[in-house]
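Heads up: the structure comes next, in structure tokens.
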Amino acid sequence: MKPFIYQGMPSRVVFGAGSIEHLEREIDLLGARRAIVLSTPQQREQAEALAERLGQRVAGVFAKAVMHVPVKTAREAREYAQRLGADCAVAIGGGSTTGLGKAIALTSSLPILAVPTTYAGSEMTPIYGLTEAGLKKTGRDLRVLPKTVIYDPALTLSLPASLSVTSGINAIAHAAEGLYAQDANPVISLMAEEGIRALAQGIGKVAEQPDDLDARGDCLYGAWLCGAVLGSVGMALHHKLCHTLGGTFNLPHAETHTIVLPHALAYNRDAAPQAMKRIARALGTTDAAQGAFELARSNGVPTALKDIGFKETDIDIALDIALENPYWNPRPVERAPLRALLEAAYEGRAPG
Ligand code: NAD
């Protein structure tokens with residue numbers, strides 16, 4: 001076995017349908033008394049319902065989280081948390097809301113209690129992002145890693161079927177790239193393979209029957225594992241492309257991951273054969289790239305960048321940005337094959 005480094009992430013997980021019932025206990029365990037509850041405007045009602053049941057333990061609700069954490073929103077939230085004298089942040093929602101909690105924690109060390117309601121996995125990572133003047137900057141800092149995560153599948157029942165599928169494939173992308181990461185290790189690879197397996201099984205059932213609580217549990221369990229992979233090992237070409245497409249062209253996060261993943265896996269197919277075997281096995285298929293494409297196609301979500309607002313004329317700009325400062329990748333990142341990848345993703349062709 002090759003030598004490796006494994007770094008455990010210090011977080012507490014409370015998992016299960018109905019586990020939101022333990023929120024008060026978990027706030028007390030953090031030693032907190034005045035929580036600020038965070039959400040997007042779309043989930044304000046959920047945030048206010050939480051605040052109501054928390055009663056005395058809540059200082060206020062801030063329901064202005066948006067994608068990619070604009071610096072302006074982060075500043076406003078930090079000031080509000082300070083004015084309230086908040087001593088912990090309860091973030092209920094997807095990666096955008098967790099991201100806002102992280103922006104507050106970065107400057108205040110406020111402990112975050114995350115209640116994820118998508119499968120993006122941000123709650124398991126010490127990675128934060130902040131966007132200013134159209135540029136998203138990311139960094140790593142243990143202060144932003146949520147101290148406690150409550151995974152309650154019942155809270156994901158309202159996630160629309162198509163977003164459930166794309167969010168699940170977004171999570172699978174973390175695990176897939178984790179399996180061929182430069183700093184991969186056998187423990188994280190176990191989590192990666194199991195995460196892909198749980199999500200691939202869960203997604204199909206949720207797409208058919210969004211109120212299948214067991215399947216929702218499989219997806220959230222998979223999301224947890226895939227998020228832990230993202231937080232532990234380096235990501236490669238797929239994530240670089242998605243950051244470029246999401247950050248510069250403002251494409252929707254989960255859909256972009258869903259469309260690009262099969263093509264990124266095809267690009268790396270011959271350079272990472274062992275990882276591809278494990279991804280394919282977890283997807284229940286023989287080819288990782290085809291399996292990821294089929295997972296999206298058979299569950300009725302977009303498979304072409306042209307269908308989510310990307311313009312063909314922007315391919316060259318995307319290439320310039322992606323090639324400027326590439327992440328480590330098992331296969332060298334070169335312009336001509338990368339252009340072919342983006343063209344296939346643009347058209348929605350099956351991966352080569
Ligand atoms: P999101 O948080 O933007 O949520 C998408 C929409 O779905 C929002 O309107 C939200 O309110 C709504 N929603 C969420 N859960 C719902 C539910 N259960 N029922 C109904 N509506 C619900 O989307 P996301 O994909 O979870 O997160 C994307 C953002 O997270 C991006 O900015 C991405 O960069 C970031 N992210 C960061 C990390 C990290 O480690 N730092 C990891 C993954 C994603």
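Convention: chains lettered A, B, ... in structure tokens order; per-chain residue numbering from 1; ligands numbered from 1 as shown.
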
Given a cut-off of 8 Å, what residues near ligand 1 show up using only C-alpha atoms and all ligand atoms, put as a count of residues only? 48

With DSSP run on the backbone, what are the alpha helix (DSSP H) residues within segment 62-305 of chain A? I'd like them as a PyMOL selection string. chain A and resi 71-84+95-108+161-179+186-208+213-232+237-249+253-268+273-283+288-298

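Compared by their closest atoms to Gly204 of chain A, and using only C-alpha atoms, the residues A:Asp141, A:Glu132, A:Glu294, A:Asp183 rank with A:Glu294 nearest.
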
So that I can check the surroundings of Ala288 of chain A, please list as a PyMOL selection string every protein, DNA and RNA residue that reaches within 6 Å of it, counting only C-alpha atoms and ignoring chain neighbours fewer than 6 positions away. chain A and resi 276+279-280

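For the atom pair formed by atom CA of Cys88 of chain A and atom CA of Gly217 of chain A, the distance is 26.6 Å, given to one decimal.
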
Residues near Trp328 of chain A, anyone? I mean within 9 Å using only C-alpha atoms, not counting same-chain ones fewer than 4 positions away, as a list in words. Ala181, Gln182, Gly234, Met235, Ala236, Leu237, Pro332 and Val333 of chain A

Ser19 of chain A environment, 8 Å, only C-alpha atoms, sequence neighbours closer than 6 positions dropped, as a ChimeraX atom specification: /A:150-152

Any chance you can output those residues with N, CA, C and O atoms as a tab-separated table (two decimals), in the first residue's frame?
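File again.tsv, as written:
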```tsv
chain	number	residue	atom	x	y	z
A	150	ILE	N	-27.01	18.41	11.56
A	150	ILE	CA	-28.22	17.59	11.74
A	150	ILE	C	-28.73	17.23	10.35
A	150	ILE	O	-29.13	18.10	9.57
A	151	TYR	N	-28.66	15.94	10.02
A	151	TYR	CA	-29.16	15.46	8.73
A	151	TYR	C	-30.53	14.84	8.97
A	151	TYR	O	-30.63	13.74	9.52
A	152	ASP	N	-31.57	15.56	8.57
A	152	ASP	CA	-32.92	15.04	8.73
A	152	ASP	C	-33.55	14.87	7.34
A	152	ASP	O	-33.96	15.85	6.71
```

Check the DSSP output for the backbone and give back, as a count of residues only, the residues of segment 141-318 of chain A in strand (DSSP E). 4

If we count only C-alpha atoms, what is near Ala275 of chain A at a cut-off of 12 Å, once residues fewer than 5 positions away on the same chain are taken out, given as a PyMOL selection string? chain A and resi 175-182+184-186+189-190+192-193+265+268-270+280-282+287-289+330

Put those residues in a file: N, CA and C atoms, as an mmCIF file, in the first residue's frame.
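Just written: result.cif:
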```
data_model
loop_
_atom_site.group_PDB
_atom_site.id
_atom_site.type_symbol
_atom_site.label_atom_id
_atom_site.label_comp_id
_atom_site.auth_asym_id
_atom_site.auth_seq_id
_atom_site.Cartn_x
_atom_site.Cartn_y
_atom_site.Cartn_z
ATOM 1 N N ALA A 175 -17.185 12.822 -4.877
ATOM 2 C CA ALA A 175 -16.631 11.504 -4.560
ATOM 3 C C ALA A 175 -15.842 10.943 -5.735
ATOM 4 N N ALA A 176 -16.352 11.168 -6.955
ATOM 5 C CA ALA A 176 -15.665 10.646 -8.143
ATOM 6 C C ALA A 176 -14.272 11.252 -8.238
ATOM 7 N N GLU A 177 -14.188 12.584 -8.077
ATOM 8 C CA GLU A 177 -12.864 13.214 -8.177
ATOM 9 C C GLU A 177 -11.989 12.855 -6.967
ATOM 10 N N GLY A 178 -12.637 12.594 -5.843
ATOM 11 C CA GLY A 178 -11.881 12.171 -4.655
ATOM 12 C C GLY A 178 -11.188 10.836 -4.866
ATOM 13 N N LEU A 179 -11.807 9.984 -5.694
ATOM 14 C CA LEU A 179 -11.214 8.660 -5.931
ATOM 15 C C LEU A 179 -9.945 8.737 -6.768
ATOM 16 N N TYR A 180 -9.814 9.780 -7.620
ATOM 17 C CA TYR A 180 -8.550 9.897 -8.364
ATOM 18 C C TYR A 180 -7.729 11.105 -7.912
ATOM 19 N N ALA A 181 -8.013 11.622 -6.729
ATOM 20 C CA ALA A 181 -7.265 12.785 -6.239
ATOM 21 C C ALA A 181 -5.794 12.441 -6.043
ATOM 22 N N GLN A 182 -4.966 13.462 -6.189
ATOM 23 C CA GLN A 182 -3.527 13.289 -5.990
ATOM 24 C C GLN A 182 -3.248 12.824 -4.554
ATOM 25 N N ALA A 184 -5.437 11.194 -2.603
ATOM 26 C CA ALA A 184 -6.458 10.206 -2.204
ATOM 27 C C ALA A 184 -5.884 9.289 -1.129
ATOM 28 N N ASN A 185 -6.752 8.774 -0.276
ATOM 29 C CA ASN A 185 -6.289 7.779 0.696
ATOM 30 C C ASN A 185 -7.367 6.719 0.850
ATOM 31 N N PRO A 186 -6.998 5.530 1.333
ATOM 32 C CA PRO A 186 -7.958 4.416 1.289
ATOM 33 C C PRO A 186 -9.206 4.631 2.145
ATOM 34 N N SER A 189 -11.446 6.982 0.235
ATOM 35 C CA SER A 189 -11.953 6.279 -0.953
ATOM 36 C C SER A 189 -13.114 5.345 -0.600
ATOM 37 N N LEU A 190 -13.069 4.771 0.605
ATOM 38 C CA LEU A 190 -14.208 3.946 1.049
ATOM 39 C C LEU A 190 -15.476 4.790 1.123
ATOM 40 N N ALA A 192 -16.018 7.525 -0.437
ATOM 41 C CA ALA A 192 -16.386 7.984 -1.778
ATOM 42 C C ALA A 192 -17.223 6.922 -2.494
ATOM 43 N N GLU A 193 -16.744 5.697 -2.464
ATOM 44 C CA GLU A 193 -17.463 4.648 -3.198
ATOM 45 C C GLU A 193 -18.840 4.398 -2.581
ATOM 46 N N LEU A 265 -15.186 12.701 -16.599
ATOM 47 C CA LEU A 265 -14.782 11.310 -16.331
ATOM 48 C C LEU A 265 -14.236 10.657 -17.611
ATOM 49 N N ASN A 268 -10.699 11.747 -18.169
ATOM 50 C CA ASN A 268 -9.713 11.130 -17.262
ATOM 51 C C ASN A 268 -9.728 9.602 -17.298
ATOM 52 N N ARG A 269 -10.590 9.037 -18.132
ATOM 53 C CA ARG A 269 -10.824 7.579 -18.133
ATOM 54 C C ARG A 269 -9.530 6.763 -18.135
ATOM 55 N N ASP A 270 -8.639 7.033 -19.089
ATOM 56 C CA ASP A 270 -7.445 6.186 -19.228
ATOM 57 C C ASP A 270 -6.356 6.540 -18.228
ATOM 58 N N ALA A 280 -17.599 3.164 -11.475
ATOM 59 C CA ALA A 280 -18.542 2.367 -12.274
ATOM 60 C C ALA A 280 -19.243 1.336 -11.382
ATOM 61 N N ARG A 281 -18.462 0.680 -10.527
ATOM 62 C CA ARG A 281 -19.047 -0.336 -9.625
ATOM 63 C C ARG A 281 -20.114 0.302 -8.735
ATOM 64 N N ALA A 282 -19.794 1.483 -8.202
ATOM 65 C CA ALA A 282 -20.748 2.145 -7.306
ATOM 66 C C ALA A 282 -22.001 2.593 -8.047
ATOM 67 N N ASP A 287 -18.970 1.382 -17.110
ATOM 68 C CA ASP A 287 -18.161 2.540 -17.502
ATOM 69 C C ASP A 287 -18.630 3.758 -16.698
ATOM 70 N N ALA A 288 -17.676 4.380 -16.002
ATOM 71 C CA ALA A 288 -18.021 5.478 -15.087
ATOM 72 C C ALA A 288 -18.678 6.644 -15.832
ATOM 73 N N ALA A 289 -18.077 7.053 -16.962
ATOM 74 C CA ALA A 289 -18.579 8.223 -17.684
ATOM 75 C C ALA A 289 -19.991 7.962 -18.234
ATOM 76 N N PRO A 330 -5.335 13.988 -13.130
ATOM 77 C CA PRO A 330 -4.563 12.792 -13.503
ATOM 78 C C PRO A 330 -4.073 12.815 -14.949
#
```

With the cut-off set at 12 Å and counting only C-alpha atoms, tabulate each residue of segment 135-176 of chain A with an atom at most that distance from an atom of segment 71-75 of chain A, showing the nearest atom pair and its distance in Å to one decimal, ordered by chain and increasing number, as CSV.
```
residue,atom,partner,partner_atom,distance
A:Leu135,CA,A:Val71,CA,10.4
A:Lys136,CA,A:Val71,CA,9.6
A:Lys137,CA,A:Val71,CA,10.3
```

For atom CA of Val229 of chain A and atom CA of Ala63 of chain A, determine how far apart the two atoms are, in Å to one decimal place. 28.8 Å

Need the shell around Ala105 of chain A: protein/DNA/RNA residues with any atom at most 12 Å away, counting only C-alpha atoms. Skip same-chain ones fewer than 4 positions apart. Format as number ranges by chain? A: 36, 74-75, 77-78, 81-82, 86-91, 98-101, 109-113, 126-128, 141-147

Any idea what the distance is between atom CA of Ile172 of chain A and atom CA of Glu208 of chain A?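 The value is 19.1 Å.
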
Per residue of segment 172-233 of chain A within 12 Å of segment 296-318 of chain A, which atom pair is closest and at what distance in Å (one decimal), using only C-alpha atoms, listed by chain and increasing number, as a tab-separated table?
```
residue	atom	partner	partner_atom	distance
A:Ile172	CA	A:Ala296	CA	11.5
A:Ala200	CA	A:Ala296	CA	10.1
A:Gln201	CA	A:Asn299	CA	11.8
A:Gly202	CA	A:Asn299	CA	11.6
A:Ile203	CA	A:Asn299	CA	8.2
A:Gly204	CA	A:Asn299	CA	6.6
A:Lys205	CA	A:Asn299	CA	9.6
A:Val206	CA	A:Asn299	CA	9.6
A:Ala207	CA	A:Asn299	CA	6.3
A:Glu208	CA	A:Asn299	CA	8.3
A:Gln209	CA	A:Asn299	CA	11.6
```

Write out, as a PDB file, in the first residue's frame, the residues just selected, with N, CA and C atoms.
```pdb
ATOM      1  N   ILE A 172     -22.068  13.311  -6.098  1.00  0.00           N
ATOM      2  CA  ILE A 172     -21.323  12.194  -6.697  1.00  0.00           C
ATOM      3  C   ILE A 172     -20.024  12.705  -7.327  1.00  0.00           C
ATOM      4  N   ALA A 200     -26.584   6.981  -5.987  1.00  0.00           N
ATOM      5  CA  ALA A 200     -27.072   6.454  -7.261  1.00  0.00           C
ATOM      6  C   ALA A 200     -28.358   5.663  -7.032  1.00  0.00           C
ATOM      7  N   GLN A 201     -28.403   4.913  -5.933  1.00  0.00           N
ATOM      8  CA  GLN A 201     -29.626   4.150  -5.636  1.00  0.00           C
ATOM      9  C   GLN A 201     -30.770   5.071  -5.241  1.00  0.00           C
ATOM     10  N   GLY A 202     -30.447   6.032  -4.388  1.00  0.00           N
ATOM     11  CA  GLY A 202     -31.491   6.920  -3.848  1.00  0.00           C
ATOM     12  C   GLY A 202     -32.097   7.840  -4.897  1.00  0.00           C
ATOM     13  N   ILE A 203     -31.242   8.385  -5.756  1.00  0.00           N
ATOM     14  CA  ILE A 203     -31.709   9.381  -6.735  1.00  0.00           C
ATOM     15  C   ILE A 203     -32.832   8.845  -7.620  1.00  0.00           C
ATOM     16  N   GLY A 204     -32.640   7.632  -8.137  1.00  0.00           N
ATOM     17  CA  GLY A 204     -33.643   7.054  -9.041  1.00  0.00           C
ATOM     18  C   GLY A 204     -34.992   6.929  -8.340  1.00  0.00           C
ATOM     19  N   LYS A 205     -34.941   6.505  -7.070  1.00  0.00           N
ATOM     20  CA  LYS A 205     -36.204   6.329  -6.328  1.00  0.00           C
ATOM     21  C   LYS A 205     -36.851   7.685  -6.041  1.00  0.00           C
ATOM     22  N   VAL A 206     -36.021   8.661  -5.666  1.00  0.00           N
ATOM     23  CA  VAL A 206     -36.562   9.989  -5.350  1.00  0.00           C
ATOM     24  C   VAL A 206     -37.164  10.639  -6.601  1.00  0.00           C
ATOM     25  N   ALA A 207     -36.514  10.422  -7.764  1.00  0.00           N
ATOM     26  CA  ALA A 207     -37.041  11.010  -8.998  1.00  0.00           C
ATOM     27  C   ALA A 207     -38.434  10.459  -9.292  1.00  0.00           C
ATOM     28  N   GLU A 208     -38.631   9.170  -8.971  1.00  0.00           N
ATOM     29  CA  GLU A 208     -39.942   8.556  -9.219  1.00  0.00           C
ATOM     30  C   GLU A 208     -40.947   8.941  -8.163  1.00  0.00           C
ATOM     31  N   GLN A 209     -40.455   8.973  -6.922  1.00  0.00           N
ATOM     32  CA  GLN A 209     -41.362   9.237  -5.804  1.00  0.00           C
ATOM     33  C   GLN A 209     -40.676  10.161  -4.791  1.00  0.00           C
TER      34      GLN A 209
END
```

Which one of A:His239, A:Ala272, A:Ala17, A:Leu342 sits closest to Pro326 of chain A if you count only C-alpha atoms? A:His239
